[in-house]
Amino acid sequence: MKKIVVVAALCAALASSSLFYPATMVVDSIDGDTVTLATATGHLYEMTGAEDYEPGDLVSAIMFTNATPRITDDAIITARYSGFTRD
C-alpha cells in the first residue's frame, strides 16, 4: 500500500510542471565524491556519486522545488555534463 501511495504522489507531482525546472550550473568544488554546483545567482547545491567532474564544468540539471517557494531547499533530480568553461 505504501508503494502505491508513493507512486501516486510522484505521478501527481510530475503532472504539475511548476514543481520542476531546468538549471545550468558550474562545478564549484569537489570533495571526494561530493560535487558542489553553483548557479549563476550564487546558490550552491551538492550531489554525490558523481564521477569525472572537474571545477569549471557545466552541468545541466532538472531541479525539484520541494513544493515550497524557497529556492534554498530545492533538490537536484538529474544532472548531466554539458561542457566546460574557460579558465
# chains A, B, ... in the order shown; residues from 1 in each chain; ligands from 1
$ residues_around --residues "A:Val27" --least-positions-apart "2" --cutoff "7 Å" --atoms "only C-alpha atoms" --output "ChimeraX atom specification"
/A:25,29,35-38,54-58
$ closest_residue --among "A:Phe20, A:Leu44, A:Gly32, A:Tyr53" --to "A:Thr78" --atoms "only C-alpha atoms"
A:Phe20
$ atom_distance --atom1 "atom CA of A:Leu19" --atom2 "atom CA of A:Glu46"
19.1 Å
$ select_by_dssp --residues "stretch 6-66 of chain A" --states "strand (DSSP E or B)" --output "PyMOL selection string"
chain A and resi 20-31+34-38+44-48+57-64
$ atom_distance --atom1 "atom CA of A:Ile71" --atom2 "atom CA of A:Asp33"
23.8 Å
$ residues_around --residues "A:Thr24" --least-positions-apart "5" --cutoff "9 Å" --atoms "only C-alpha atoms" --output "list in words"
Ala38, Thr39, Ala40, Leu58, Val59, Ser60, Ala61, Ile62 and Ser82 of chain A
